[in-house]
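Novice: query_6.cif is the file, holding mmCIF, C-alpha atoms:
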data_model
#
loop_
_atom_site.group_PDB
_atom_site.id
_atom_site.type_symbol
_atom_site.label_atom_id
_atom_site.label_comp_id
_atom_site.auth_asym_id
_atom_site.auth_seq_id
_atom_site.Cartn_x
_atom_site.Cartn_y
_atom_site.Cartn_z
ATOM 1 C CA MET X 1 11.265 -11.592 -22.646
ATOM 2 C CA ARG X 2 12.111 -14.350 -20.216
ATOM 3 C CA ALA X 3 10.357 -14.877 -16.910
ATOM 4 C CA ALA X 4 10.859 -17.316 -14.058
ATOM 5 C CA VAL X 5 8.133 -18.371 -11.639
ATOM 6 C CA ILE X 6 9.729 -19.679 -8.469
ATOM 7 C CA ARG X 7 8.129 -22.740 -6.904
ATOM 8 C CA PHE X 8 8.516 -23.316 -3.200
ATOM 9 C CA PRO X 9 6.966 -26.294 -1.443
ATOM 10 C CA GLY X 10 3.497 -24.903 -0.793
ATOM 11 C CA SER X 11 3.354 -22.372 -3.621
ATOM 12 C CA ASN X 12 -0.106 -22.548 -5.151
ATOM 13 C CA CYS X 13 -0.422 -19.576 -7.504
ATOM 14 C CA ASP X 14 2.520 -20.644 -9.630
ATOM 15 C CA GLN X 15 0.339 -22.076 -12.426
ATOM 16 C CA ASP X 16 -1.801 -18.926 -12.579
ATOM 17 C CA CYS X 17 1.282 -16.712 -12.839
ATOM 18 C CA HIS X 18 2.809 -18.969 -15.486
ATOM 19 C CA PHE X 19 -0.437 -18.919 -17.501
ATOM 20 C CA VAL X 20 -0.741 -15.134 -17.418
ATOM 21 C CA LEU X 21 2.923 -14.499 -18.184
ATOM 22 C CA ARG X 22 2.701 -16.741 -21.237
ATOM 23 C CA GLU X 23 -0.456 -14.931 -22.347
ATOM 24 C CA PHE X 24 1.552 -11.728 -22.242
ATOM 25 C CA GLY X 25 4.301 -13.190 -24.353
ATOM 26 C CA PHE X 26 6.850 -14.131 -21.735
ATOM 27 C CA ASP X 27 8.964 -17.196 -22.341
ATOM 28 C CA THR X 28 8.267 -18.544 -18.859
ATOM 29 C CA ASP X 29 9.993 -21.244 -16.807
ATOM 30 C CA PHE X 30 9.121 -22.736 -13.483
ATOM 31 C CA LEU X 31 12.128 -22.672 -11.187
ATOM 32 C CA TRP X 32 12.247 -25.054 -8.223
ATOM 33 C CA HIS X 33 13.397 -23.363 -5.029
ATOM 34 C CA LYS X 34 16.411 -25.662 -4.760
ATOM 35 C CA GLU X 35 17.935 -24.229 -7.931
ATOM 36 C CA THR X 36 21.023 -22.210 -7.125
ATOM 37 C CA SER X 37 20.750 -19.847 -10.078
ATOM 38 C CA ALA X 38 17.932 -17.559 -11.169
ATOM 39 C CA ALA X 39 20.158 -15.840 -13.733
ATOM 40 C CA GLY X 40 19.155 -15.194 -17.333
ATOM 41 C CA TYR X 41 15.655 -13.821 -16.753
ATOM 42 C CA ASP X 42 14.139 -10.377 -17.297
ATOM 43 C CA LEU X 43 11.508 -10.969 -14.643
ATOM 44 C CA ILE X 44 11.401 -13.193 -11.563
ATOM 45 C CA VAL X 45 8.012 -13.843 -9.980
ATOM 46 C CA LEU X 46 7.551 -15.116 -6.434
ATOM 47 C CA PRO X 47 3.990 -16.453 -6.504
ATOM 48 C CA GLY X 48 1.397 -16.735 -3.782
ATOM 49 C CA GLY X 49 0.724 -19.748 -1.632
ATOM 50 C CA PHE X 50 1.842 -21.102 1.684
ATOM 51 C CA SER X 51 5.534 -21.794 1.313
ATOM 52 C CA TYR X 52 6.655 -24.273 3.963
ATOM 53 C CA GLY X 53 3.112 -24.267 5.326
ATOM 54 C CA ASP X 54 3.682 -20.734 6.648
ATOM 55 C CA TYR X 55 5.495 -22.415 9.540
ATOM 56 C CA LEU X 56 7.309 -20.094 11.941
ATOM 57 C CA ARG X 57 6.190 -16.977 10.011
ATOM 58 C CA CYS X 58 4.950 -16.507 6.445
ATOM 59 C CA GLY X 59 7.993 -16.557 4.186
ATOM 60 C CA ALA X 60 10.448 -17.039 7.047
ATOM 61 C CA ILE X 61 11.794 -20.379 5.863
ATOM 62 C CA ALA X 62 11.384 -19.787 2.129
ATOM 63 C CA ARG X 63 13.732 -16.819 2.288
ATOM 64 C CA PHE X 64 16.561 -19.251 3.069
ATOM 65 C CA SER X 65 15.799 -21.478 0.082
ATOM 66 C CA PRO X 66 18.851 -21.909 -2.163
ATOM 67 C CA VAL X 67 17.342 -19.925 -5.038
ATOM 68 C CA MET X 68 16.841 -16.815 -2.884
ATOM 69 C CA LYS X 69 20.544 -16.000 -2.764
ATOM 70 C CA SER X 70 20.599 -15.807 -6.544
ATOM 71 C CA ILE X 71 17.379 -13.757 -6.608
ATOM 72 C CA VAL X 72 18.904 -11.203 -4.224
ATOM 73 C CA GLU X 73 21.918 -11.053 -6.534
ATOM 74 C CA GLN X 74 19.774 -10.663 -9.668
ATOM 75 C CA ALA X 75 17.710 -7.958 -7.963
ATOM 76 C CA SER X 76 20.898 -6.051 -7.165
ATOM 77 C CA LYS X 77 21.718 -6.156 -10.887
ATOM 78 C CA GLY X 78 18.383 -4.555 -11.743
ATOM 79 C CA VAL X 79 16.410 -7.632 -12.816
ATOM 80 C CA LEU X 80 12.681 -7.089 -12.162
ATOM 81 C CA VAL X 81 11.286 -9.052 -9.222
ATOM 82 C CA LEU X 82 7.553 -9.296 -8.529
ATOM 83 C CA GLY X 83 6.310 -10.836 -5.272
ATOM 84 C CA ILE X 84 2.598 -11.566 -4.999
ATOM 85 C CA CYS X 85 0.971 -12.338 -1.640
ATOM 86 C CA ASN X 86 3.218 -15.007 -0.116
ATOM 87 C CA GLY X 87 5.845 -13.739 -2.545
ATOM 88 C CA PHE X 88 5.550 -10.269 -0.958
ATOM 89 C CA GLN X 89 5.946 -11.846 2.474
ATOM 90 C CA ILE X 90 9.095 -13.636 1.298
ATOM 91 C CA LEU X 91 10.507 -10.381 -0.137
ATOM 92 C CA CYS X 92 9.978 -8.651 3.223
ATOM 93 C CA GLU X 93 11.491 -11.543 5.171
ATOM 94 C CA SER X 94 14.493 -11.572 2.848
ATOM 95 C CA GLY X 95 15.092 -7.855 3.317
ATOM 96 C CA LEU X 96 14.581 -7.030 -0.378
ATOM 97 C CA LEU X 97 11.616 -4.948 0.768
ATOM 98 C CA PRO X 98 11.201 -3.178 4.118
ATOM 99 C CA GLY X 99 8.517 -3.842 6.730
ATOM 100 C CA ALA X 100 6.617 -6.997 7.569
ATOM 101 C CA LEU X 101 3.220 -8.573 6.950
ATOM 102 C CA ILE X 102 1.487 -9.526 10.171
ATOM 103 C CA ARG X 103 -1.861 -11.113 11.003
ATOM 104 C CA ASN X 104 -4.902 -9.334 9.573
ATOM 105 C CA ARG X 105 -6.448 -6.864 12.010
ATOM 106 C CA ASP X 106 -9.598 -8.978 12.345
ATOM 107 C CA LEU X 107 -7.699 -12.300 12.307
ATOM 108 C CA HIS X 108 -9.779 -13.682 9.447
ATOM 109 C CA PHE X 109 -8.452 -15.057 6.209
ATOM 110 C CA ILE X 110 -9.923 -12.619 3.676
ATOM 111 C CA CYS X 111 -10.793 -13.727 0.150
ATOM 112 C CA GLU X 112 -12.547 -10.991 -1.827
ATOM 113 C CA HIS X 113 -12.140 -8.405 -4.542
ATOM 114 C CA VAL X 114 -10.793 -5.087 -3.297
ATOM 115 C CA SER X 115 -10.131 -1.731 -4.916
ATOM 116 C CA LEU X 116 -6.589 -0.480 -5.268
ATOM 117 C CA ARG X 117 -5.575 3.082 -5.997
ATOM 118 C CA VAL X 118 -2.523 3.418 -8.232
ATOM 119 C CA GLU X 119 -0.236 5.761 -6.313
ATOM 120 C CA ASN X 120 2.830 5.880 -8.511
ATOM 121 C CA VAL X 121 3.562 5.059 -12.143
ATOM 122 C CA ALA X 122 7.262 5.961 -12.270
ATOM 123 C CA ASN X 123 8.205 2.304 -11.999
ATOM 124 C CA PRO X 124 8.340 -0.717 -14.323
ATOM 125 C CA PHE X 125 5.255 -2.347 -12.778
ATOM 126 C CA LEU X 126 2.616 0.341 -13.297
ATOM 127 C CA SER X 127 4.104 2.544 -16.004
ATOM 128 C CA ALA X 128 1.201 1.743 -18.357
ATOM 129 C CA SER X 129 -1.361 2.824 -15.768
ATOM 130 C CA ARG X 130 -2.010 6.276 -14.361
ATOM 131 C CA ILE X 131 -2.042 7.777 -10.899
ATOM 132 C CA GLY X 132 -5.446 7.609 -9.284
ATOM 133 C CA ARG X 133 -6.709 4.745 -11.403
ATOM 134 C CA VAL X 134 -8.737 2.239 -9.378
ATOM 135 C CA LEU X 135 -7.986 -1.436 -9.976
ATOM 136 C CA ARG X 136 -10.330 -4.245 -8.898
ATOM 137 C CA VAL X 137 -8.131 -7.139 -7.850
ATOM 138 C CA PRO X 138 -8.735 -10.028 -5.436
ATOM 139 C CA ILE X 139 -6.939 -10.559 -2.164
ATOM 140 C CA ALA X 140 -6.650 -13.910 -0.397
ATOM 141 C CA HIS X 141 -4.584 -13.812 2.754
ATOM 142 C CA GLY X 142 -4.540 -14.146 6.525
ATOM 143 C CA GLU X 143 -1.328 -12.190 7.056
ATOM 144 C CA GLY X 144 -1.425 -9.122 4.849
ATOM 145 C CA ASN X 145 -1.368 -6.400 7.455
ATOM 146 C CA PHE X 146 1.623 -4.336 6.336
ATOM 147 C CA THR X 147 3.631 -2.955 9.228
ATOM 148 C CA ALA X 148 6.731 -0.811 9.310
ATOM 149 C CA ASP X 149 8.244 1.709 11.692
ATOM 150 C CA ALA X 150 7.476 5.409 11.284
ATOM 151 C CA GLU X 151 10.810 6.162 9.667
ATOM 152 C CA THR X 152 10.318 3.451 7.028
ATOM 153 C CA LEU X 153 6.807 4.695 6.264
ATOM 154 C CA ARG X 154 8.126 8.234 5.864
ATOM 155 C CA ALA X 155 10.780 7.051 3.430
ATOM 156 C CA LEU X 156 8.300 4.945 1.439
ATOM 157 C CA ASN X 157 5.984 7.940 1.074
ATOM 158 C CA ALA X 158 8.709 10.496 0.392
ATOM 159 C CA GLU X 159 10.306 8.346 -2.295
ATOM 160 C CA GLY X 160 7.014 7.401 -3.996
ATOM 161 C CA ARG X 161 7.546 3.738 -3.198
ATOM 162 C CA VAL X 162 3.986 2.975 -2.140
ATOM 163 C CA LEU X 163 2.645 1.803 -5.502
ATOM 164 C CA VAL X 164 -0.899 0.733 -4.537
ATOM 165 C CA ARG X 165 -3.194 1.428 -1.573
ATOM 166 C CA TYR X 166 -6.539 -0.093 -0.621
ATOM 167 C CA CYS X 167 -9.313 2.339 -1.462
ATOM 168 C CA ASP X 168 -13.074 2.454 -1.978
ATOM 169 C CA GLU X 169 -14.631 2.161 -5.412
ATOM 170 C CA ALA X 170 -14.329 5.911 -5.929
ATOM 171 C CA GLY X 171 -10.615 5.775 -5.229
ATOM 172 C CA ARG X 172 -10.769 7.281 -1.741
ATOM 173 C CA VAL X 173 -8.181 5.854 0.646
ATOM 174 C CA THR X 174 -10.252 5.484 3.812
ATOM 175 C CA PRO X 175 -10.036 3.367 6.973
ATOM 176 C CA GLU X 176 -13.233 1.578 5.890
ATOM 177 C CA ALA X 177 -11.585 0.530 2.631
ATOM 178 C CA ASN X 178 -8.694 -1.070 4.499
ATOM 179 C CA PRO X 179 -9.397 -4.811 4.571
ATOM 180 C CA ASN X 180 -6.602 -6.001 6.830
ATOM 181 C CA GLY X 181 -5.355 -3.112 8.958
ATOM 182 C CA ALA X 182 -2.313 -2.379 6.800
ATOM 183 C CA ALA X 183 -0.431 0.784 7.779
ATOM 184 C CA GLU X 184 -1.705 3.715 5.688
ATOM 185 C CA ASN X 185 -3.764 1.274 3.559
ATOM 186 C CA ILE X 186 -0.571 0.055 1.928
ATOM 187 C CA ALA X 187 -1.178 -2.866 -0.444
ATOM 188 C CA GLY X 188 2.127 -2.871 -2.308
ATOM 189 C CA ILE X 189 5.559 -1.240 -2.210
ATOM 190 C CA CYS X 190 8.772 -1.236 -4.215
ATOM 191 C CA ASN X 191 12.432 -0.980 -3.248
ATOM 192 C CA ALA X 192 14.512 2.187 -3.600
ATOM 193 C CA GLN X 193 15.871 1.021 -6.981
ATOM 194 C CA ARG X 194 12.256 0.466 -8.132
ATOM 195 C CA ASN X 195 12.910 -2.984 -9.609
ATOM 196 C CA VAL X 196 11.451 -5.088 -6.773
ATOM 197 C CA PHE X 197 7.688 -4.867 -6.201
ATOM 198 C CA GLY X 198 5.678 -6.746 -3.613
ATOM 199 C CA LEU X 199 1.913 -6.637 -3.182
ATOM 200 C CA MET X 200 -0.686 -8.639 -1.302
ATOM 201 C CA PRO X 201 -3.431 -8.569 -3.992
ATOM 202 C CA HIS X 202 -3.336 -11.062 -6.860
ATOM 203 C CA PRO X 203 -3.135 -9.301 -10.251
ATOM 204 C CA GLU X 204 -2.699 -12.676 -11.971
ATOM 205 C CA ARG X 205 -6.232 -13.581 -10.859
ATOM 206 C CA ALA X 206 -7.640 -10.498 -12.582
ATOM 207 C CA CYS X 207 -6.386 -10.911 -16.134
ATOM 208 C CA ASP X 208 -9.163 -12.885 -17.791
ATOM 209 C CA GLY X 209 -12.736 -11.815 -18.563
ATOM 210 C CA ALA X 210 -14.043 -14.989 -16.936
ATOM 211 C CA LEU X 211 -12.646 -13.867 -13.569
ATOM 212 C CA LEU X 212 -14.775 -10.798 -12.719
ATOM 213 C CA SER X 213 -12.033 -8.280 -13.408
ATOM 214 C CA THR X 214 -9.251 -7.761 -15.893
ATOM 215 C CA ASP X 215 -7.683 -4.851 -14.019
ATOM 216 C CA GLY X 216 -4.663 -6.928 -13.041
ATOM 217 C CA ARG X 217 -3.556 -6.675 -16.658
ATOM 218 C CA ALA X 218 -2.307 -3.163 -15.903
ATOM 219 C CA ILE X 219 0.694 -4.652 -14.148
ATOM 220 C CA PHE X 220 1.555 -7.167 -16.854
ATOM 221 C CA GLU X 221 0.991 -4.590 -19.598
ATOM 222 C CA SER X 222 3.407 -2.299 -17.785
ATOM 223 C CA LEU X 223 5.981 -5.075 -17.521
ATOM 224 C CA VAL X 224 5.660 -5.811 -21.225
ATOM 225 C CA ALA X 225 5.979 -2.119 -22.075
ATOM 226 C CA THR X 226 8.991 -1.823 -19.784
ATOM 227 C CA LEU X 227 10.753 -4.829 -21.168
ATOM 228 C CA GLY X 228 10.083 -3.471 -24.604
ATOM 229 C CA LYS X 229 9.160 -6.426 -26.744
ATOM 230 C CA SER X 230 5.387 -6.449 -26.597
ATOM 231 C CA ARG X 231 3.904 -9.668 -27.880
ATOM 232 C CA ALA X 232 0.806 -9.395 -25.748
ATOM 233 C CA ALA X 233 -2.513 -10.225 -27.309
ATOM 234 C CA MET Q 1 22.147 -28.248 26.009
ATOM 235 C CA LYS Q 2 18.540 -27.209 26.204
ATOM 236 C CA ALA Q 3 17.328 -23.757 25.417
ATOM 237 C CA LYS Q 4 14.055 -21.927 25.266
ATOM 238 C CA VAL Q 5 13.440 -19.190 22.751
ATOM 239 C CA ILE Q 6 10.579 -16.827 23.517
ATOM 240 C CA VAL Q 7 9.416 -14.698 20.605
ATOM 241 C CA MET Q 8 7.016 -11.831 21.323
ATOM 242 C CA PRO Q 9 5.503 -9.105 19.174
ATOM 243 C CA LYS Q 10 7.220 -5.798 19.835
ATOM 244 C CA LEU Q 11 5.386 -3.519 22.262
ATOM 245 C CA SER Q 12 5.033 -0.921 19.527
ATOM 246 C CA ILE Q 13 3.262 -3.370 17.210
ATOM 247 C CA LEU Q 14 -0.467 -3.961 17.475
ATOM 248 C CA ASP Q 15 -0.962 -7.657 18.196
ATOM 249 C CA PRO Q 16 -4.322 -8.604 16.630
ATOM 250 C CA GLN Q 17 -4.254 -12.071 18.214
ATOM 251 C CA GLY Q 18 -3.620 -10.593 21.646
ATOM 252 C CA VAL Q 19 -6.537 -8.184 21.234
ATOM 253 C CA ALA Q 20 -8.858 -11.033 20.217
ATOM 254 C CA VAL Q 21 -7.770 -13.182 23.158
ATOM 255 C CA ARG Q 22 -8.218 -10.221 25.520
ATOM 256 C CA GLU Q 23 -11.784 -9.757 24.302
ATOM 257 C CA ALA Q 24 -12.494 -13.476 24.687
ATOM 258 C CA MET Q 25 -11.161 -13.404 28.249
ATOM 259 C CA ARG Q 26 -13.445 -10.475 29.051
ATOM 260 C CA HIS Q 27 -16.382 -12.441 27.677
ATOM 261 C CA HIS Q 28 -15.341 -15.334 29.872
ATOM 262 C CA GLY Q 29 -15.960 -13.267 32.995
ATOM 263 C CA LEU Q 30 -12.730 -11.379 33.524
ATOM 264 C CA PRO Q 31 -13.657 -7.798 32.596
ATOM 265 C CA GLY Q 32 -10.529 -6.441 34.269
ATOM 266 C CA VAL Q 33 -8.096 -7.995 31.793
ATOM 267 C CA LYS Q 34 -6.175 -5.061 30.361
ATOM 268 C CA SER Q 35 -3.849 -6.523 27.827
ATOM 269 C CA VAL Q 36 -2.852 -9.822 26.269
ATOM 270 C CA ARG Q 37 -0.029 -10.412 23.862
ATOM 271 C CA VAL Q 38 0.453 -13.662 22.023
ATOM 272 C CA GLY Q 39 3.925 -14.870 21.156
ATOM 273 C CA LYS Q 40 5.520 -18.263 20.783
ATOM 274 C CA MET Q 41 7.996 -20.399 22.631
ATOM 275 C CA LEU Q 42 10.414 -22.812 21.029
ATOM 276 C CA GLU Q 43 12.125 -25.598 22.985
ATOM 277 C CA VAL Q 44 15.487 -26.426 21.495
ATOM 278 C CA GLU Q 45 17.848 -29.301 22.226
ATOM 279 C CA VAL Q 46 21.305 -28.914 20.797
ATOM 280 C CA ASP Q 47 24.662 -30.684 21.071
ATOM 281 C CA GLY Q 48 27.359 -28.238 22.042
ATOM 282 C CA ALA Q 49 26.822 -24.710 23.279
ATOM 283 C CA ASP Q 50 27.431 -22.152 20.579
ATOM 284 C CA GLU Q 51 25.547 -19.322 22.194
ATOM 285 C CA ALA Q 52 26.599 -16.757 19.614
ATOM 286 C CA LYS Q 53 25.287 -18.975 16.802
ATOM 287 C CA LEU Q 54 22.033 -19.492 18.665
ATOM 288 C CA HIS Q 55 21.582 -15.738 18.981
ATOM 289 C CA GLU Q 56 22.293 -15.330 15.288
ATOM 290 C CA ILE Q 57 19.626 -17.894 14.418
ATOM 291 C CA CYS Q 58 17.160 -16.310 16.849
ATOM 292 C CA ARG Q 59 17.680 -12.994 15.103
ATOM 293 C CA ASP Q 60 17.744 -14.206 11.478
ATOM 294 C CA LEU Q 61 15.293 -17.096 11.456
ATOM 295 C CA LEU Q 62 13.272 -17.598 14.629
ATOM 296 C CA SER Q 63 12.179 -13.994 14.984
ATOM 297 C CA ASN Q 64 11.570 -11.117 12.591
ATOM 298 C CA PRO Q 65 13.302 -8.105 14.156
ATOM 299 C CA VAL Q 66 10.952 -5.763 12.283
ATOM 300 C CA VAL Q 67 8.008 -6.842 14.407
ATOM 301 C CA GLU Q 68 9.279 -9.213 17.106
ATOM 302 C CA ASP Q 69 11.713 -9.422 20.001
ATOM 303 C CA TYR Q 70 13.209 -12.664 21.213
ATOM 304 C CA GLU Q 71 14.617 -13.908 24.475
ATOM 305 C CA LEU Q 72 17.048 -16.817 24.591
ATOM 306 C CA VAL Q 73 17.031 -18.778 27.847
ATOM 307 C CA LEU Q 74 19.793 -21.368 28.188
ATOM 308 C CA GLU Q 75 19.155 -24.287 30.512
ATOM 309 C CA ASN Q 76 21.881 -26.519 32.051
#
Output the structure of this file as structure tokens.
Specialist:
Amino acid sequence: MRAAVIRFPGSNCDQDCHFVLREFGFDTDFLWHKETSAAGYDLIVLPGGFSYGDYLRCGAIARFSPVMKSIVEQASKGVLVLGICNGFQILCESGLLPGALIRNRDLHFICEHVSLRVENVANPFLSASRIGRVLRVPIAHGEGNFTADAETLRALNAEGRVLVRYCDEAGRVTPEANPNGAAENIAGICNAQRNVFGLMPHPERACDGALLSTDGRAIFESLVATLGKSRAA
Amino acid sequence: MKAKVIVMPKLSILDPQGVAVREAMRHHGLPGVKSVRVGKMLEVEVDGADEAKLHEICRDLLSNPVVEDYELVLEN
């Protein structure tokens, strides 16, 4: 299993992603955003951070980085693409995922553990989990308020493309459990082909017992199961 | 050529910054303020006048059509 972690100027979760992917048995490379090819990987991860200082809009400039053209091409061939936090913002800006991430409802940068309800497991990213399972995973963002027009939201729901929603600890999807004002508590979505997944929470920060929660492992375990050559510890 | 690009959140999109500024203005003694929306303005100086290209860049880079509208104002 080969994975690439893309590094943009301002990425800051690249090391964490690299560490976790290696723990799960991925032969993992860092790929600088100026590379023109992201070919040859089973999984491409766009990590969190503040690419280009979040200037203009989060992800707006990163989406035009040279490597993105190749990532769009690889995604169209079915290669798995995972965008975390700023990576999710870049995926939305690039058009690989619909909608946009705007300023949190209460304007604050939020850094805390939240609960996520697994909404769909018929995808490569959560296949080892089960519907209704509650995952404790941290968020750390100022612009994670997912917004899309009514038609897009209908399609996302109808096609089972909302993979995780913010919920309370009992798994109830309530307005109170919504940290940032995201439409319908949406925390992460996938594309129609189900090989591109973006989410605001940081599963890579919830993979080690020293970090309060290991629930983020569900995503990496699913990826390993999907890609079929489990070497995970 | 000089141009101004004004980027505003779409009317259908809740603008959390605008709401916060509206509340602050009310606290500053203007209870009648009904609505505030916060956008951004870019001043651009460019050699040549490729208006079509400018519009393309406004649409693809300077604004996000999912949540924002832009206005391109060409000067001289």
Novice: Figure out the distance between CA of Val38 (chain Q) and CA of Glu151 (chain X), please, to one decimal in Å.
Specialist: 25.6 Å
Novice: Using all atoms listed in the file, what does the table of chain X residues within 8 Å of chain Q look like, with each row giving the shortest atom pair and its distance in Å to one decimal, sorted by chain and ascending number, as a Markdown table?
Specialist:
| residue | atom | partner | partner_atom | distance |
| --- | --- | --- | --- | --- |
| X:Leu56 | CA | Q:Leu62 | CA | 7.0 |
| X:Ala60 | CA | Q:Leu61 | CA | 6.6 |
| X:Ile61 | CA | Q:Leu61 | CA | 7.4 |
| X:Glu93 | CA | Q:Asn64 | CA | 7.4 |
| X:Gly99 | CA | Q:Val66 | CA | 6.4 |
| X:Ala100 | CA | Q:Val66 | CA | 6.5 |
| X:Arg103 | CA | Q:Pro16 | CA | 6.6 |
| X:Asn104 | CA | Q:Pro16 | CA | 7.1 |
| X:Arg105 | CA | Q:Pro16 | CA | 5.4 |
| X:Asp106 | CA | Q:Pro16 | CA | 6.8 |
| X:Leu107 | CA | Q:Pro16 | CA | 6.6 |
| X:Thr147 | CA | Q:Val67 | CA | 7.8 |
| X:Ala148 | CA | Q:Val66 | CA | 7.2 |
| X:Asp149 | CA | Q:Val66 | CA | 8.0 |
Novice: As JSON, numbers by chain, please: the residues near Leu74 (chain Q) (cut-off 10 Å, only C-alpha atoms, same-chain neighbours under 4 positions excluded).
Specialist: {"Q": [1, 2, 3, 4, 5, 44, 49, 51, 54]}
Novice: Using the chain letters and numbering of this document, enumerate as a list of chain:residue names the residues selected by the PyMOL selection byres ((chain X and resi 225) around 12).
Specialist: X:Met1, X:Phe24, X:Gly25, X:Asn123, X:Pro124, X:Phe125, X:Leu126, X:Ser127, X:Ala128, X:Ser129, X:Arg217, X:Ala218, X:Ile219, X:Phe220, X:Glu221, X:Ser222, X:Leu223, X:Val224, X:Thr226, X:Leu227, X:Gly228, X:Lys229, X:Ser230, X:Arg231, X:Ala232
Novice: I would like the residues chosen by the PyMOL selection byres ((chain Q and resi 36) around 6) on the shown file; could you give them as a PyMOL selection string?
Specialist: chain Q and resi 18+22+35+37
Novice: Which residues match the PyMOL selection byres ((chain X and resi 65-73) around 10) in the file above, as a PyMOL selection string?
Specialist: chain X and resi 6-8+31-39+44-46+60-64+74-81+90-91+94-96+196
Novice: Just need the box for region 61-67 of chain Q, edges along x, y and z, holding every atom the file lists for it with 5 Å tacked onto each side, so centre and edge lengths in Å to one decimal, as AutoDock Vina command-line options.
Specialist:
--center_x 11.7 --center_y -11.7 --center_z 13.2 --size_x 17.3 --size_y 21.8 --size_z 13.5
Novice: So the first atom is CA of Thr28 (chain X) and the second is CA of Ser11 (chain X); what is the distance between them in Å, to one decimal place?
Specialist: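 Calculated distance between CA of Thr28 (chain X) and CA of Ser11 (chain X) is 16.5 Å.
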Novice: Which distance in Å separates CA of Glu204 (chain X) and CA of Cys13 (chain X), to one decimal?
Specialist: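 Answer for the CA of Glu204 (chain X) to CA of Cys13 (chain X) separation: 8.5 Å.
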Novice: For Ile189 (chain X), which residue out of X:Phe88, X:Arg172, X:Val114, X:Cys167 is the nearest one, using all atoms listed in the file?
Specialist: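 Distance minimum relative to Ile189 (chain X) lands on X:Phe88.
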Novice: Which polymer residues have any atom within 10 Å of an atom of Cys207 (chain X), counting only C-alpha atoms, with same-chain residues fewer than 3 positions away left out, as a list in words?
Specialist: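 The neighbour list is Asp16, Val20, Glu23, Val137, His202, Pro203, Glu204, Ala210, Leu211, Leu212, Ser213, Thr214, Asp215, Gly216, Arg217, Ala218, Ile219 and Phe220 of chain X.
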Novice: Would you save the residues from that selection as a CSV table (one decimal), in the coordinates of the input, using C-alpha atoms?
Specialist:
chain,number,residue,atom,x,y,z
X,16,ASP,CA,-1.8,-18.9,-12.6
X,20,VAL,CA,-0.7,-15.1,-17.4
X,23,GLU,CA,-0.5,-14.9,-22.3
X,137,VAL,CA,-8.1,-7.1,-7.8
X,202,HIS,CA,-3.3,-11.1,-6.9
X,203,PRO,CA,-3.1,-9.3,-10.3
X,204,GLU,CA,-2.7,-12.7,-12.0
X,210,ALA,CA,-14.0,-15.0,-16.9
X,211,LEU,CA,-12.6,-13.9,-13.6
X,212,LEU,CA,-14.8,-10.8,-12.7
X,213,SER,CA,-12.0,-8.3,-13.4
X,214,THR,CA,-9.3,-7.8,-15.9
X,215,ASP,CA,-7.7,-4.9,-14.0
X,216,GLY,CA,-4.7,-6.9,-13.0
X,217,ARG,CA,-3.6,-6.7,-16.7
X,218,ALA,CA,-2.3,-3.2,-15.9
X,219,ILE,CA,0.7,-4.7,-14.1
X,220,PHE,CA,1.6,-7.2,-16.9
Novice: Need the shell around Met8 (chain Q): protein/DNA/RNA residues with any atom at most 6 Å away, counting all atoms listed in the file. Skip same-chain ones fewer than 6 positions apart. Format as a PyMOL selection string?
Specialist: chain Q and resi 39+68-69
Novice: Under the rule that only C-alpha atoms are counted, which of X:Leu101, X:Leu21, X:Ala183, X:Met200 is the nearest residue to Arg154 (chain X)?
Specialist: X:Ala183
Novice: Take the point (9.5, -2.8, -4.5) in the file's coordinates, draw a sphere of radius 9 Å around it, and report as a PyMOL selection string every protein, DNA or RNA residue with an atom inside or on it, counting all atoms listed in the file.
Specialist: chain X and resi 81-83+91+96-98+161-163+188-199
